[in-house]
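Engineer: Here it is, the structure, as structure tokens.
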Amino acid sequence: MTIVGVRMWRELWGQSCIPLELTLDRKKAMCTSRAFGKLTGDYTELREATTSYISRLAVKLRREKCCATAITVKLQTNRFNPNHRQTFPSITLALPHPVNNTHDLLRAGLEGLRKIYVRGYLFQKVEVMATGLIPETEVQLNMFNEYKGIEHDKLSKIMDEMNSYYGAGTIKMATEGQKQRWTLRREFLSPEYTTNWNDIIKTR
């Protein structure tokens with residue numbers, strides 16, 4: 001009998017073999033990353049994708065009631081295509097204050113994108129990561145650097161409430177764009193019978 005079998009046998013007889021963790025470890029980082037539907041080297045499309053991912057990342061942070069102290073932006077080409085030039089630029093920027101509002105994260109993230117963007121490459125993916133996470137209740141402000149994000153915090157909260165009530169994407173940042181040609185292909189997406197009114201089965 002394997003060690004797994006022995007543990008299972010003991011557990012069935014009431015002997016605990018795996019300690020129960022009542023408290024989860026605090027997350028140290030959060031990441032939002034997804035491949036594009038097509039390769040792109042257009043800066044406007046990369047900015048739209050980065051904005052979209054940072055917006056999603058900010059929502060995650062607020063749901064977890066965490067604030068980030070740094071943000072990382074990374075671009076990736078298709079490493080499996082030998083016919084294309086390869087590069088994987090990345091940058092990490094420290095934030096003036098721990099934040100989780102979309103505006104401040106977006107400002108830092110787009111600054112990072114501008115610094116690492118290189119013309120002449122076709123990128124397949126953008127990755128955005130928030131690091132140095134701390135709980136909202138443990139944020140300490142810098143006495144030498146005035147925090148000006150209170151209005152941004154309120155605005156992000158209003159956006160969350162509106163998108164929760166009217167549907168995701170109802171209100172979004174202008175730099176996310178409208179057409180978003182870089183998004184994943186969804187031609188063969190399965191019908192969403194339980195979450196989309198347009199996909200509900202109709203009978204006569």
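Scheme for the structure tokens: letters A, B, ... for chains in order shown; per-chain residue numbers from 1; ligand numbers from 1 in order shown.
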Would you list the contacts of segment 131-140 of chain A as a ChimeraX atom specification, taking every protein, DNA or RNA residue within 6 Å and counting only C-alpha atoms, but skipping same-chain residues closer than 2 positions in sequence?
Structural biologist: /A:28-29,65-70
Engineer: So that I can see what lies close to Arg62 of chain A, please list as an mmCIF file with N, CA and C atoms, in the first residue's frame the residues with an atom at most 10 Å from it, counting only C-alpha atoms and leaving out residues fewer than 2 positions away in the same chain.
Structural biologist:
data_model
loop_
_atom_site.group_PDB
_atom_site.id
_atom_site.type_symbol
_atom_site.label_atom_id
_atom_site.label_comp_id
_atom_site.auth_asym_id
_atom_site.auth_seq_id
_atom_site.Cartn_x
_atom_site.Cartn_y
_atom_site.Cartn_z
ATOM 1 N N LEU A 57 -7.179 43.635 -13.086
ATOM 2 C CA LEU A 57 -6.309 43.418 -11.935
ATOM 3 C C LEU A 57 -6.733 44.298 -10.764
ATOM 4 N N ALA A 58 -7.104 45.537 -11.049
ATOM 5 C CA ALA A 58 -7.536 46.453 -9.997
ATOM 6 C C ALA A 58 -8.814 45.947 -9.323
ATOM 7 N N VAL A 59 -9.725 45.397 -10.119
ATOM 8 C CA VAL A 59 -10.959 44.837 -9.549
ATOM 9 C C VAL A 59 -10.630 43.668 -8.622
ATOM 10 N N LYS A 60 -9.690 42.818 -9.035
ATOM 11 C CA LYS A 60 -9.271 41.698 -8.186
ATOM 12 C C LYS A 60 -8.716 42.197 -6.858
ATOM 13 N N GLU A 64 -10.248 41.524 -3.046
ATOM 14 C CA GLU A 64 -9.453 40.888 -1.995
ATOM 15 C C GLU A 64 -9.081 41.869 -0.888
ATOM 16 N N LYS A 65 -9.487 43.146 -1.074
ATOM 17 C CA LYS A 65 -9.170 44.207 -0.104
ATOM 18 C C LYS A 65 -7.666 44.310 0.123
ATOM 19 N N CYS A 66 -6.934 44.304 -1.002
ATOM 20 C CA CYS A 66 -5.478 44.427 -0.967
ATOM 21 C C CYS A 66 -5.040 45.661 -1.745
ATOM 22 N N CYS A 67 -3.852 46.131 -1.435
ATOM 23 C CA CYS A 67 -3.242 47.233 -2.170
ATOM 24 C C CYS A 67 -1.866 46.791 -2.658
ATOM 25 N N VAL A 99 -1.781 51.196 -3.482
ATOM 26 C CA VAL A 99 -3.082 51.559 -4.052
ATOM 27 C C VAL A 99 -3.757 50.339 -4.654
ATOM 28 N N ASN A 100 -5.072 50.465 -4.863
ATOM 29 C CA ASN A 100 -5.818 49.460 -5.616
ATOM 30 C C ASN A 100 -6.844 50.113 -6.538
ATOM 31 N N ASN A 101 -6.779 51.445 -6.686
ATOM 32 C CA ASN A 101 -7.706 52.091 -7.612
ATOM 33 C C ASN A 101 -7.164 52.003 -9.034
ATOM 34 N N THR A 102 -8.080 51.942 -9.978
ATOM 35 C CA THR A 102 -7.715 51.718 -11.375
ATOM 36 C C THR A 102 -6.873 52.850 -11.940
ATOM 37 N N PRO A 135 -2.764 44.349 3.053
ATOM 38 C CA PRO A 135 -4.189 44.611 3.284
ATOM 39 C C PRO A 135 -4.487 46.110 3.309
ATOM 40 N N GLU A 136 -5.701 46.464 2.913
ATOM 41 C CA GLU A 136 -6.098 47.871 2.929
ATOM 42 C C GLU A 136 -5.962 48.480 4.319
ATOM 43 N N ASP A 153 -10.054 56.559 -5.574
ATOM 44 C CA ASP A 153 -10.633 55.424 -4.855
ATOM 45 C C ASP A 153 -12.158 55.450 -4.939
ATOM 46 N N SER A 156 -13.297 54.501 -8.504
ATOM 47 C CA SER A 156 -13.190 53.062 -8.756
ATOM 48 C C SER A 156 -14.323 52.304 -8.081
ATOM 49 N N LYS A 157 -14.696 52.730 -6.893
ATOM 50 C CA LYS A 157 -15.803 52.084 -6.186
ATOM 51 C C LYS A 157 -17.110 52.263 -6.946
ATOM 52 N N ASP A 160 -17.128 49.961 -9.955
ATOM 53 C CA ASP A 160 -17.408 48.579 -9.555
ATOM 54 C C ASP A 160 -18.904 48.373 -9.335
#
Engineer: Could you write out, as a VMD selection string, all the residues of segment 24-188 of chain A that DSSP marks as alpha helix (DSSP H)?
Structural biologist: chain A and resid 43 to 63 102 to 116 150 to 166
Engineer: Need to verify the contact set: Leu39 of chain A, 10 Å, only C-alpha atoms, exclusion of same-chain residues closer than 4 positions in sequence. Can you return it as a PyMOL selection string?
Structural biologist: chain A and resi 35+77-78+121-125+182
Engineer: Selected residues, N, CA, C and O atoms, written as an mmCIF file, in the first residue's frame, please.
Structural biologist:
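Here's the written file result-v8.cif:
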data_model
loop_
_atom_site.group_PDB
_atom_site.id
_atom_site.type_symbol
_atom_site.label_atom_id
_atom_site.label_comp_id
_atom_site.auth_asym_id
_atom_site.auth_seq_id
_atom_site.Cartn_x
_atom_site.Cartn_y
_atom_site.Cartn_z
ATOM 1 N N ALA A 35 -3.175 35.652 -23.865
ATOM 2 C CA ALA A 35 -2.642 35.794 -25.219
ATOM 3 C C ALA A 35 -3.635 36.536 -26.102
ATOM 4 O O ALA A 35 -4.848 36.481 -25.887
ATOM 5 N N THR A 77 6.780 38.008 -27.232
ATOM 6 C CA THR A 77 6.577 37.586 -28.609
ATOM 7 C C THR A 77 6.311 36.085 -28.615
ATOM 8 O O THR A 77 6.381 35.426 -27.581
ATOM 9 N N ASN A 78 6.020 35.537 -29.790
ATOM 10 C CA ASN A 78 5.755 34.100 -29.901
ATOM 11 C C ASN A 78 7.078 33.348 -30.004
ATOM 12 O O ASN A 78 7.695 33.293 -31.066
ATOM 13 N N TYR A 121 8.552 44.521 -33.616
ATOM 14 C CA TYR A 121 8.282 43.190 -33.081
ATOM 15 C C TYR A 121 6.780 42.924 -33.088
ATOM 16 O O TYR A 121 5.969 43.847 -32.926
ATOM 17 N N LEU A 122 6.419 41.654 -33.270
ATOM 18 C CA LEU A 122 5.022 41.237 -33.192
ATOM 19 C C LEU A 122 4.815 40.531 -31.856
ATOM 20 O O LEU A 122 5.384 39.466 -31.613
ATOM 21 N N PHE A 123 4.005 41.129 -31.020
ATOM 22 C CA PHE A 123 3.804 40.594 -29.675
ATOM 23 C C PHE A 123 2.574 39.700 -29.618
ATOM 24 O O PHE A 123 1.560 39.949 -30.275
ATOM 25 N N GLN A 124 2.683 38.660 -28.801
ATOM 26 C CA GLN A 124 1.606 37.684 -28.656
ATOM 27 C C GLN A 124 0.856 37.840 -27.342
ATOM 28 O O GLN A 124 -0.294 37.422 -27.221
ATOM 29 N N LYS A 125 1.490 38.481 -26.373
ATOM 30 C CA LYS A 125 0.916 38.458 -25.031
ATOM 31 C C LYS A 125 1.417 39.633 -24.208
ATOM 32 O O LYS A 125 2.546 40.085 -24.386
ATOM 33 N N TRP A 182 -7.523 42.994 -30.830
ATOM 34 C CA TRP A 182 -6.493 42.120 -30.276
ATOM 35 C C TRP A 182 -7.058 40.999 -29.412
ATOM 36 O O TRP A 182 -6.328 40.089 -29.016
#
Engineer: Please report the interatomic distance between atom CA of Leu61 of chain A and atom CA of Met129 of chain A in Å with one decimal.
Structural biologist: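 Straight-line distance from atom CA of Leu61 of chain A to atom CA of Met129 of chain A works out to 11.0 Å.
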Engineer: Select, from A:Gln76, A:Thr175, A:Thr51, A:Ser33, the residue with the minimum atom-to-atom distance to Ser90 of chain A, counting only C-alpha atoms.
Structural biologist: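 Of A:Gln76, A:Thr175, A:Thr51, A:Ser33, the one nearest Ser90 of chain A, counting only C-alpha atoms, is A:Gln76.
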Engineer: So which one's closest to Val4 of chain A, A:Ile18, A:Asp25, A:Gly169, A:Thr87? Using only C-alpha atoms, please.
Structural biologist: A:Ile18
Engineer: Atom CA of Thr194 of chain A to atom CA of Ala168 of chain A: how many Å, to one decimal?
Structural biologist: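 Going from atom CA of Thr194 of chain A over to atom CA of Ala168 of chain A covers 16.1 Å.
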Engineer: Given only C-alpha atoms as the basis, pick out the residue of A:Phe36, A:Trp13, A:Phe88, A:Tyr53 nearest to Lys172 of chain A.
Structural biologist: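 Result for the nearest residue to Lys172 of chain A: A:Tyr53.
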Engineer: Measuring between only C-alpha atoms, which one of A:Cys31, A:Leu105, A:Val73, A:Val118 shows the shortest distance to Arg85 of chain A?
Structural biologist: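 Between A:Cys31, A:Leu105, A:Val73, A:Val118, the residue approaching Arg85 of chain A most closely is A:Val118.
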Engineer: Run DSSP on the backbone and give me the residues of segment 17-81 of chain A it puts in strand (DSSP E or B), as a list in words.
Structural biologist: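 Answer for segment 17-81 of chain A, restricted to strand (DSSP E or B): Ala29, Met30, Cys31, Thr32, Ser33, Arg34, Ala35, Phe36, Gly37, Lys38, Leu39, Thr40, Cys66, Cys67, Ala68, Thr69, Ala70, Ile71, Thr72, Val73, Lys74, Leu75, Gln76 and Thr77 of chain A.
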Engineer: For the residues selected in the previous step, produce a file with N, CA and C atoms as a short mmCIF file (atom, residue, chain, number, x, y, z; two decimals), in the first residue's frame.
Structural biologist:
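Just written: out.cif:
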data_model
loop_
_atom_site.label_atom_id
_atom_site.label_comp_id
_atom_site.auth_asym_id
_atom_site.auth_seq_id
_atom_site.Cartn_x
_atom_site.Cartn_y
_atom_site.Cartn_z
N ALA A 29 1.23 38.36 -4.58
CA ALA A 29 1.14 38.97 -5.90
C ALA A 29 -0.13 38.52 -6.60
N MET A 30 -0.59 39.32 -7.55
CA MET A 30 -1.72 38.97 -8.41
C MET A 30 -1.34 39.30 -9.85
N CYS A 31 -1.78 38.45 -10.77
CA CYS A 31 -1.38 38.60 -12.16
C CYS A 31 -2.59 38.49 -13.08
N THR A 32 -2.58 39.28 -14.14
CA THR A 32 -3.57 39.16 -15.21
C THR A 32 -2.82 39.05 -16.52
N SER A 33 -3.04 37.96 -17.24
CA SER A 33 -2.30 37.72 -18.47
C SER A 33 -3.14 36.88 -19.42
N ARG A 34 -3.09 37.22 -20.69
CA ARG A 34 -3.83 36.44 -21.68
C ARG A 34 -3.24 36.70 -23.06
N ALA A 35 -3.17 35.65 -23.86
CA ALA A 35 -2.64 35.79 -25.22
C ALA A 35 -3.63 36.54 -26.10
N PHE A 36 -3.12 37.23 -27.10
CA PHE A 36 -3.97 37.95 -28.04
C PHE A 36 -4.58 37.00 -29.05
N GLY A 37 -5.64 37.46 -29.71
CA GLY A 37 -6.24 36.67 -30.78
C GLY A 37 -5.40 36.69 -32.04
N LYS A 38 -4.49 37.67 -32.13
CA LYS A 38 -3.58 37.77 -33.27
C LYS A 38 -2.31 38.47 -32.81
N LEU A 39 -1.23 38.26 -33.53
CA LEU A 39 0.01 38.96 -33.22
C LEU A 39 -0.14 40.44 -33.57
N THR A 40 0.42 41.29 -32.75
CA THR A 40 0.30 42.72 -33.02
C THR A 40 1.55 43.45 -32.55
N CYS A 66 -6.93 44.30 -1.00
CA CYS A 66 -5.48 44.43 -0.97
C CYS A 66 -5.04 45.66 -1.75
N CYS A 67 -3.85 46.13 -1.44
CA CYS A 67 -3.24 47.23 -2.17
C CYS A 67 -1.87 46.79 -2.66
N ALA A 68 -1.48 47.28 -3.83
CA ALA A 68 -0.19 46.93 -4.41
C ALA A 68 0.82 48.04 -4.15
N THR A 69 2.06 47.64 -3.95
CA THR A 69 3.14 48.61 -3.78
C THR A 69 4.00 48.72 -5.03
N ALA A 70 3.80 47.81 -5.98
CA ALA A 70 4.56 47.85 -7.24
C ALA A 70 3.75 47.16 -8.33
N ILE A 71 4.03 47.53 -9.58
CA ILE A 71 3.34 46.92 -10.71
C ILE A 71 4.37 46.56 -11.78
N THR A 72 4.19 45.38 -12.37
CA THR A 72 5.10 44.88 -13.41
C THR A 72 4.34 44.72 -14.72
N VAL A 73 4.93 45.18 -15.80
CA VAL A 73 4.36 45.03 -17.14
C VAL A 73 5.37 44.28 -18.00
N LYS A 74 4.89 43.25 -18.69
CA LYS A 74 5.77 42.42 -19.50
C LYS A 74 5.13 42.14 -20.85
N LEU A 75 5.92 42.24 -21.91
CA LEU A 75 5.47 41.90 -23.27
C LEU A 75 6.18 40.63 -23.72
N GLN A 76 5.48 39.82 -24.52
CA GLN A 76 6.07 38.57 -25.01
C GLN A 76 5.76 38.38 -26.48
N THR A 77 6.78 38.01 -27.23
CA THR A 77 6.58 37.59 -28.61
C THR A 77 6.31 36.08 -28.61
#
Engineer: As an exercise, work out the distance from atom CA of Leu113 of chain A to atom CA of Ala49 of chain A in Å and give it to one decimal place.
Structural biologist: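 These atoms are spaced 10.7 Å apart.
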Engineer: For a quick check of understanding, using only C-alpha atoms, which of A:Arg26, A:Arg47, A:Arg204, A:Lys115 has the smallest distance to Gln180 of chain A?
Structural biologist: A:Arg47
